[in-house]
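Peer 1: This is entry06.txt, which holds compact mmCIF, C-alpha atoms:
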```txt
# COMPACT_ATOMS: atom_id res chain seq x y z
CA MET A 29 15.14 22.84 -14.87
CA PRO A 30 18.92 22.92 -15.59
CA HIS A 31 19.81 25.86 -17.71
CA LEU A 32 22.75 27.60 -19.26
CA THR A 33 23.11 31.32 -19.92
CA LEU A 34 25.65 32.52 -22.46
CA PRO A 35 26.49 35.89 -24.04
CA ILE A 36 25.19 36.80 -27.47
CA THR A 37 28.29 37.40 -29.57
CA SER A 38 28.65 39.61 -32.62
CA GLY A 39 27.90 36.45 -34.60
CA GLY A 40 24.73 35.76 -32.63
CA PRO A 41 23.91 32.96 -30.20
CA VAL A 42 26.83 30.58 -30.69
CA LEU A 43 27.58 27.34 -28.87
CA ASP A 44 30.70 25.19 -28.66
CA LEU A 45 30.03 21.48 -28.92
CA LEU A 46 31.73 18.22 -29.75
CA VAL A 47 30.52 16.28 -32.76
CA GLY A 48 31.30 12.58 -32.93
CA VAL A 49 30.01 9.37 -34.43
CA SER A 50 26.61 8.41 -33.07
CA ARG A 51 26.51 6.03 -30.12
CA PRO A 52 25.09 3.18 -32.22
CA ARG A 53 27.85 3.68 -34.83
CA ALA A 54 30.49 3.78 -32.07
CA ASP A 55 29.15 0.45 -30.78
CA ALA A 56 29.27 -1.01 -34.30
CA LEU A 57 32.84 0.18 -34.80
CA ARG A 58 33.79 -1.37 -31.45
CA ARG A 59 32.22 -4.71 -32.44
CA ALA A 60 34.10 -4.58 -35.76
CA GLY A 61 37.38 -3.95 -33.97
CA SER A 62 37.74 -0.58 -35.69
CA PRO A 63 38.98 2.55 -33.95
CA ILE A 64 36.36 5.05 -32.87
CA PRO A 65 37.19 8.50 -34.27
CA GLN A 66 37.77 11.21 -31.73
CA PRO A 67 34.98 13.80 -31.47
CA VAL A 68 35.68 17.14 -33.11
CA SER A 69 35.17 20.52 -31.47
CA ILE A 70 32.81 22.78 -33.41
CA ARG A 71 31.34 26.24 -32.98
CA GLY A 72 27.80 26.59 -34.21
CA LEU A 73 25.12 29.22 -34.48
CA ILE A 74 21.66 28.57 -33.11
CA ASP A 75 19.49 29.23 -36.14
CA THR A 76 15.72 29.22 -35.75
CA GLY A 77 15.52 29.55 -39.53
CA ALA A 78 17.05 26.09 -39.98
CA SER A 79 14.67 23.17 -39.61
CA CYS A 80 17.54 20.75 -39.13
CA THR A 81 21.17 20.88 -38.09
CA CYS A 82 23.97 21.09 -40.62
CA ILE A 83 27.69 20.77 -40.06
CA ASP A 84 30.67 21.75 -42.16
CA PRO A 85 32.13 18.74 -44.02
CA ALA A 86 35.63 19.54 -42.79
CA SER A 87 34.42 18.80 -39.26
CA LEU A 88 32.68 15.59 -40.30
CA ARG A 89 35.39 14.20 -42.56
CA SER A 90 37.62 12.85 -39.80
CA LEU A 91 34.67 10.89 -38.40
CA GLY A 92 34.62 8.60 -41.46
CA LEU A 93 30.84 8.69 -41.76
CA SER A 94 28.64 7.04 -44.35
CA PRO A 95 25.21 8.47 -45.13
CA THR A 96 22.24 6.80 -43.45
CA GLY A 97 19.58 9.01 -44.94
CA ARG A 98 18.63 11.48 -47.60
CA VAL A 99 16.44 14.53 -47.15
CA PRO A 100 15.17 17.22 -49.50
CA ILE A 101 16.02 20.79 -48.53
CA HIS A 102 14.92 24.27 -49.53
CA THR A 103 17.20 27.28 -49.27
CA PRO A 104 16.88 30.76 -50.80
CA SER A 105 19.04 29.52 -53.67
CA THR A 106 17.15 26.30 -54.47
CA ASN A 107 14.11 28.23 -55.75
CA GLU A 108 11.13 25.92 -56.30
CA THR A 109 12.97 22.64 -56.64
CA PRO A 110 14.25 21.10 -53.42
CA LEU A 111 17.73 19.68 -53.36
CA ASP A 112 18.37 16.14 -52.11
CA CYS A 113 21.06 15.99 -49.42
CA GLU A 114 22.70 13.04 -47.78
CA GLN A 115 22.11 12.77 -44.05
CA TYR A 116 24.62 11.50 -41.49
CA ASP A 117 23.97 10.26 -37.96
CA VAL A 118 26.21 11.92 -35.39
CA SER A 119 26.35 12.59 -31.67
CA LEU A 120 26.53 16.06 -30.19
CA VAL A 121 27.89 16.84 -26.74
CA LEU A 122 27.64 20.21 -25.07
CA LEU A 123 30.51 20.60 -22.67
CA HIS A 124 30.16 23.31 -20.07
CA PRO A 125 31.30 23.53 -16.45
CA LYS A 126 27.66 23.83 -15.39
CA MET A 127 26.16 21.00 -17.39
CA GLN A 128 26.73 18.34 -19.97
CA LEU A 129 24.14 17.61 -22.63
CA ALA A 130 24.53 14.67 -24.98
CA LEU A 131 22.45 13.79 -28.02
CA GLY A 132 23.37 10.20 -28.84
CA SER A 133 22.14 10.21 -32.43
CA LEU A 134 21.00 13.09 -34.57
CA GLY A 135 20.58 13.21 -38.34
CA VAL A 136 22.52 16.12 -39.84
CA ILE A 137 23.41 17.30 -43.32
CA ALA A 138 26.80 18.52 -44.50
CA SER A 139 27.17 22.04 -45.84
CA ASN A 140 30.10 24.37 -46.33
CA LEU A 141 29.87 26.91 -43.54
CA GLU A 142 33.44 28.03 -42.94
CA PHE A 143 32.84 31.23 -44.89
CA HIS A 144 30.25 32.09 -42.24
CA GLY A 145 32.98 31.74 -39.58
CA ILE A 146 31.23 28.78 -37.95
CA GLN A 147 31.21 25.01 -38.35
CA ALA A 148 27.54 24.31 -37.67
CA LEU A 149 24.00 25.60 -37.70
CA PHE A 150 22.02 24.17 -34.81
CA GLY A 151 18.47 23.98 -36.10
CA ARG A 152 15.02 23.46 -34.67
CA ASP A 153 15.68 19.72 -34.36
CA VAL A 154 18.07 20.55 -31.51
CA LEU A 155 15.97 23.43 -30.18
CA GLY A 156 13.01 21.07 -30.04
CA ARG A 157 14.73 19.30 -27.16
CA CYS A 158 15.13 22.38 -24.97
CA LEU A 159 13.78 25.81 -24.07
CA PHE A 160 15.58 28.64 -25.85
CA VAL A 161 15.38 32.23 -24.59
CA TYR A 162 16.94 35.08 -26.57
CA ASP A 163 17.28 38.21 -24.39
CA SER A 164 18.49 40.94 -26.68
CA SER A 165 18.32 43.70 -24.05
CA ALA A 166 20.67 41.78 -21.72
CA GLN A 167 22.70 40.41 -24.67
CA VAL A 168 22.41 36.85 -23.40
CA PHE A 169 20.65 33.71 -24.46
CA ALA A 170 19.63 30.78 -22.33
CA LEU A 171 19.06 27.11 -22.96
CA ALA A 172 17.10 25.03 -20.46
CA PHE A 173 16.80 21.26 -20.58
CA MET B 9 24.61 9.39 -54.56
CA ALA B 10 24.68 6.65 -51.95
CA LEU B 11 21.66 4.60 -50.88
CA GLU B 12 20.03 4.58 -54.33
CA ARG B 13 18.92 0.98 -53.96
CA GLU B 14 17.46 1.61 -50.50
CA LEU B 15 15.58 4.67 -51.73
CA LYS B 16 14.05 2.66 -54.57
CA THR B 17 12.95 0.06 -52.02
CA TYR B 18 11.39 2.79 -49.88
CA GLN B 19 9.49 4.22 -52.85
CA ARG B 20 8.34 0.75 -53.90
CA GLU B 21 7.05 -0.04 -50.40
CA LEU B 22 5.70 3.40 -49.51
CA ALA B 23 2.04 2.54 -50.04
CA ASN B 24 2.35 -0.35 -47.58
CA LEU B 25 4.43 1.70 -45.16
CA LEU B 26 1.92 4.54 -44.89
CA GLN B 27 0.06 2.67 -42.16
CA HIS B 28 3.16 3.62 -40.11
CA GLU B 29 3.21 7.28 -41.16
CA GLY B 30 5.35 9.40 -38.84
CA ARG B 31 7.48 6.46 -37.71
CA PHE B 32 10.95 5.59 -39.02
CA VAL B 33 11.65 2.79 -41.47
CA LEU B 34 14.92 0.88 -41.72
CA VAL B 35 15.84 -0.28 -45.25
CA HIS B 36 18.79 -2.41 -46.33
CA GLY B 37 19.16 -3.12 -50.02
CA SER B 38 15.79 -4.36 -51.25
CA GLU B 39 14.58 -5.31 -47.77
CA VAL B 40 12.43 -3.33 -45.36
CA ALA B 41 13.97 -4.40 -42.07
CA GLY B 42 11.56 -2.77 -39.64
CA VAL B 43 9.62 0.27 -38.55
CA PHE B 44 10.47 2.13 -35.34
CA ASP B 45 8.96 4.85 -33.21
CA THR B 46 12.06 7.05 -33.11
CA TYR B 47 15.04 7.94 -35.27
CA ASP B 48 17.33 6.75 -32.47
CA ASP B 49 15.69 3.32 -32.39
CA ALA B 50 15.92 2.90 -36.16
CA ILE B 51 19.57 3.95 -36.31
CA ARG B 52 20.39 1.62 -33.41
CA ALA B 53 18.63 -1.28 -35.14
CA GLY B 54 20.47 -0.54 -38.40
CA TYR B 55 23.91 -0.72 -36.81
CA ASP B 56 22.96 -3.73 -34.69
CA LYS B 57 21.71 -5.66 -37.71
CA TYR B 58 23.98 -4.49 -40.52
CA GLY B 59 27.06 -3.19 -38.74
CA LEU B 60 28.95 -0.81 -40.98
CA ASP B 61 27.14 -1.88 -44.19
CA PRO B 62 25.00 0.81 -45.82
CA PHE B 63 21.41 1.18 -44.64
CA LEU B 64 18.73 3.84 -44.89
CA VAL B 65 16.64 5.34 -42.11
CA LYS B 66 13.74 7.46 -43.27
CA ARG B 67 10.61 8.95 -41.74
CA VAL B 68 7.53 7.46 -43.37
CA GLU B 69 5.55 10.30 -44.96
CA ALA B 70 2.89 10.46 -47.65
CA ILE B 71 4.19 13.90 -48.56
CA GLU B 72 7.84 14.19 -47.72
CA GLN B 73 8.67 17.06 -45.40
CA ILE B 74 11.20 19.40 -46.97
CA GLN B 75 13.86 20.73 -44.61
CA SER B 76 14.15 24.49 -44.90
CA PHE B 77 16.90 27.00 -44.33
CA THR B 78 16.54 30.75 -44.49
CA ARG B 79 20.17 31.26 -45.38
CA PRO B 80 21.91 30.11 -48.55
CA LEU B 81 23.73 26.83 -48.06
CA ASP B 82 26.17 24.83 -50.08
CA PRO B 83 25.22 21.25 -49.28
CA CYS B 84 27.86 18.64 -50.01
CA ARG B 85 29.13 15.21 -49.08
CA THR B 86 31.70 14.61 -46.37
```
As structure tokens, how would this structure be written, given the file I've shared?
Peer 2:
Amino acid sequence: MPHLTLPITSGGPVLDLLVGVSRPRADALRRAGSPIPQPVSIRGLIDTGASCTCIDPASLRSLGLSPTGRVPIHTPSTNETPLDCEQYDVSLVLLHPKMQLALGSLGVIASNLEFHGIQALFGRDVLGRCLFVYDSSAQVFALAF
Amino acid sequence: MALERELKTYQRELANLLQHEGRFVLVHGSEVAGVFDTYDDAIRAGYDKYGLDPFLVKRVEAIEQIQSFTRPLDPCRT
């Protein structure tokens, strides 16, 4: 099983990825004769406490996305009433000398994260597609696909 | 917010859609355009059929699953 081992940083298990328009949206843009926005480099934290992936709007803005979904979310600050959030379809590409992983379409929500020093939280929707090992004693984490 | 019309269509058709619970419905305006096994398939069908026009993809659920985050977030639009 191909796998990737990376150091746990002071910020936790972080990954560098490219976020772009989803493959189906890229095909639609191509058919419409519109330019396909360049993918944007983002640094995100793997967060097992997040059920889905969210990305900072500054990273999504240049992709010119329109929402294709809406999902209710709970956070510690929403109390009992969930908050409706727009969902955007994007692609994620993990670029690493050892392997390349591409998710052609993933529904994500937008949330301000810059004050956390990251541009994304990779949630259990992404982790559900791989094996994640967090080795605190060795200060590394591994992803296997 | 965007997709208000599509969400009303989804709510109107939910009782009929529940036979497809767990699958993904594609909605455009007041029309249910199809039900698909995966999110990828529904998104692909939406762009193939409607191009860059607005459309909604939603998992069919009797009780909508709420996405949860253990850290405070500040959700927003792009």
Peer 1: Which residues are close to segment 102-113 of chain A, i.e. within 9 Å by all atoms listed in the file, leaving aside same-chain residues fewer than 2 positions away? Reply as a ChimeraX atom specification.
Peer 2: /A:97-100,115,137-138 /B:74-81,83-85
Peer 1: Do you have the atom CA of Thr46 of chain B-atom CA of Phe32 of chain B distance handy?
Peer 2: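 So the two atoms, atom CA of Thr46 of chain B and atom CA of Phe32 of chain B, lie 6.2 Å apart.
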Peer 1: Considering all atoms listed in the file, state which residue in the set B:Leu60, B:Leu25, B:Ala53, B:Leu15 is at the smallest distance from Ser38 of chain B.
Peer 2: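 Ranking B:Leu60, B:Leu25, B:Ala53, B:Leu15 by distance to Ser38 of chain B, first place goes to B:Leu15.
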Peer 1: Work out where the centre of an axis-aligned box around every listed atom of segment 131-141 of chain A lies and how long its edges are once 8 Å is added on each side; give both in Å to one decimal as lines of an AutoDock Vina configuration file.
Peer 2:
```
center_x = 25.3
center_y = 18.6
center_z = -37.2
size_x = 25.5
size_y = 32.7
size_z = 34.3
```
Peer 1: Can you list, as number ranges by chain, every protein, DNA or RNA residue that comes within 12 Å of Ser90 of chain A when you count all atoms listed in the file, leaving out same-chain residues fewer than 4 positions away?
Peer 2: A: 47-49, 63-69, 84-86, 94; B: 86
Peer 1: What gap, in Å, lies between atom CA of Thr81 of chain A and atom CA of Gly40 of chain A?
Peer 2: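 So the two atoms, atom CA of Thr81 of chain A and atom CA of Gly40 of chain A, lie 16.2 Å apart.
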Peer 1: Using all atoms listed in the file, which residues sit within 12 Å of Glu39 of chain B once same-chain residues fewer than 4 positions away are excluded, as a PDB file with C-alpha atoms, in the coordinates of the input?
Peer 2:
```pdb
ATOM      1  CA  ARG B  13      18.920   0.980 -53.960  1.00  0.00           C
ATOM      2  CA  GLU B  14      17.460   1.610 -50.500  1.00  0.00           C
ATOM      3  CA  LEU B  15      15.580   4.670 -51.730  1.00  0.00           C
ATOM      4  CA  LYS B  16      14.050   2.660 -54.570  1.00  0.00           C
ATOM      5  CA  THR B  17      12.950   0.060 -52.020  1.00  0.00           C
ATOM      6  CA  TYR B  18      11.390   2.790 -49.880  1.00  0.00           C
ATOM      7  CA  GLN B  19       9.490   4.220 -52.850  1.00  0.00           C
ATOM      8  CA  ARG B  20       8.340   0.750 -53.900  1.00  0.00           C
ATOM      9  CA  GLU B  21       7.050  -0.040 -50.400  1.00  0.00           C
ATOM     10  CA  VAL B  33      11.650   2.790 -41.470  1.00  0.00           C
ATOM     11  CA  LEU B  34      14.920   0.880 -41.720  1.00  0.00           C
ATOM     12  CA  VAL B  35      15.840  -0.280 -45.250  1.00  0.00           C
ATOM     13  CA  VAL B  43       9.620   0.270 -38.550  1.00  0.00           C
ATOM     14  CA  TYR B  58      23.980  -4.490 -40.520  1.00  0.00           C
ATOM     15  CA  PHE B  63      21.410   1.180 -44.640  1.00  0.00           C
ATOM     16  CA  LEU B  64      18.730   3.840 -44.890  1.00  0.00           C
TER      17      LEU B  64
END
```
Peer 1: Please export chain B as a compact mmCIF listing (two decimals), in the first residue's frame, restricted to C-alpha atoms.
Peer 2:
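Result file follows (result.txt):
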```txt
# COMPACT_ATOMS: atom_id res chain seq x y z
CA MET B 9 -27.99 32.58 0.16
CA ALA B 10 -27.66 30.87 -3.20
CA LEU B 11 -29.66 27.81 -4.28
CA GLU B 12 -32.83 28.81 -2.41
CA ARG B 13 -35.06 27.62 -5.23
CA GLU B 14 -33.25 24.29 -5.48
CA LEU B 15 -33.49 23.74 -1.73
CA LYS B 16 -37.23 24.38 -1.83
CA THR B 17 -37.50 21.81 -4.62
CA TYR B 18 -35.52 19.31 -2.54
CA GLN B 19 -37.78 19.84 0.48
CA ARG B 20 -40.89 19.54 -1.69
CA GLU B 21 -39.69 16.27 -3.22
CA LEU B 22 -38.06 14.77 -0.14
CA ALA B 23 -40.85 12.31 0.63
CA ASN B 24 -40.55 10.86 -2.88
CA LEU B 25 -36.77 10.93 -2.78
CA LEU B 26 -36.47 8.93 0.44
CA GLN B 27 -36.66 5.68 -1.53
CA HIS B 28 -33.13 6.73 -2.60
CA GLU B 29 -31.90 7.56 0.91
CA GLY B 30 -28.10 7.74 1.08
CA ARG B 31 -27.72 8.55 -2.62
CA PHE B 32 -27.15 12.01 -4.11
CA VAL B 33 -29.84 14.04 -5.82
CA LEU B 34 -29.21 16.64 -8.52
CA VAL B 35 -31.65 19.59 -8.51
CA HIS B 36 -31.86 22.47 -10.97
CA GLY B 37 -34.46 25.13 -10.31
CA SER B 38 -37.75 23.34 -9.70
CA GLU B 39 -36.60 20.13 -11.40
CA VAL B 40 -35.15 16.98 -9.85
CA ALA B 41 -32.70 15.98 -12.56
CA GLY B 42 -31.57 12.63 -11.23
CA VAL B 43 -30.32 10.53 -8.35
CA PHE B 44 -26.77 9.15 -8.28
CA ASP B 45 -24.78 6.70 -6.23
CA THR B 46 -21.89 9.05 -5.49
CA TYR B 47 -21.24 12.74 -4.97
CA ASP B 48 -18.76 12.63 -7.87
CA ASP B 49 -21.37 11.22 -10.24
CA ALA B 50 -23.96 13.84 -9.26
CA ILE B 51 -21.53 16.74 -9.61
CA ARG B 52 -20.38 15.41 -12.98
CA ALA B 53 -23.98 15.12 -14.18
CA GLY B 54 -24.74 18.65 -12.97
CA TYR B 55 -21.91 20.23 -14.95
CA ASP B 56 -22.60 18.04 -17.98
CA LYS B 57 -26.27 19.00 -18.04
CA TYR B 58 -26.28 22.58 -16.79
CA GLY B 59 -22.76 23.81 -17.46
CA LEU B 60 -21.98 26.77 -15.25
CA ASP B 61 -25.63 27.44 -14.30
CA PRO B 62 -26.47 26.95 -10.62
CA PHE B 63 -27.46 23.47 -9.48
CA LEU B 64 -27.69 21.68 -6.15
CA VAL B 65 -26.22 18.32 -5.18
CA LYS B 66 -27.46 16.93 -1.89
CA ARG B 67 -27.38 13.60 -0.08
CA VAL B 68 -30.91 12.28 0.36
CA GLU B 69 -31.56 11.90 4.08
CA ALA B 70 -34.70 11.63 6.19
CA ILE B 71 -32.81 13.31 9.01
CA GLU B 72 -30.11 15.54 7.64
CA GLN B 73 -26.64 14.76 8.92
CA ILE B 74 -25.09 17.76 10.61
CA GLN B 75 -21.40 18.28 9.90
CA SER B 76 -19.48 18.80 13.12
CA PHE B 77 -16.30 20.60 14.08
CA THR B 78 -14.66 20.54 17.47
CA ARG B 79 -13.01 23.89 16.95
CA PRO B 80 -14.74 27.23 16.54
CA LEU B 81 -15.14 28.20 12.91
CA ASP B 82 -16.18 31.31 11.10
CA PRO B 83 -18.02 29.97 8.06
CA CYS B 84 -18.43 32.37 5.18
CA ARG B 85 -18.90 32.63 1.44
CA THR B 86 -16.03 32.80 -1.01
```
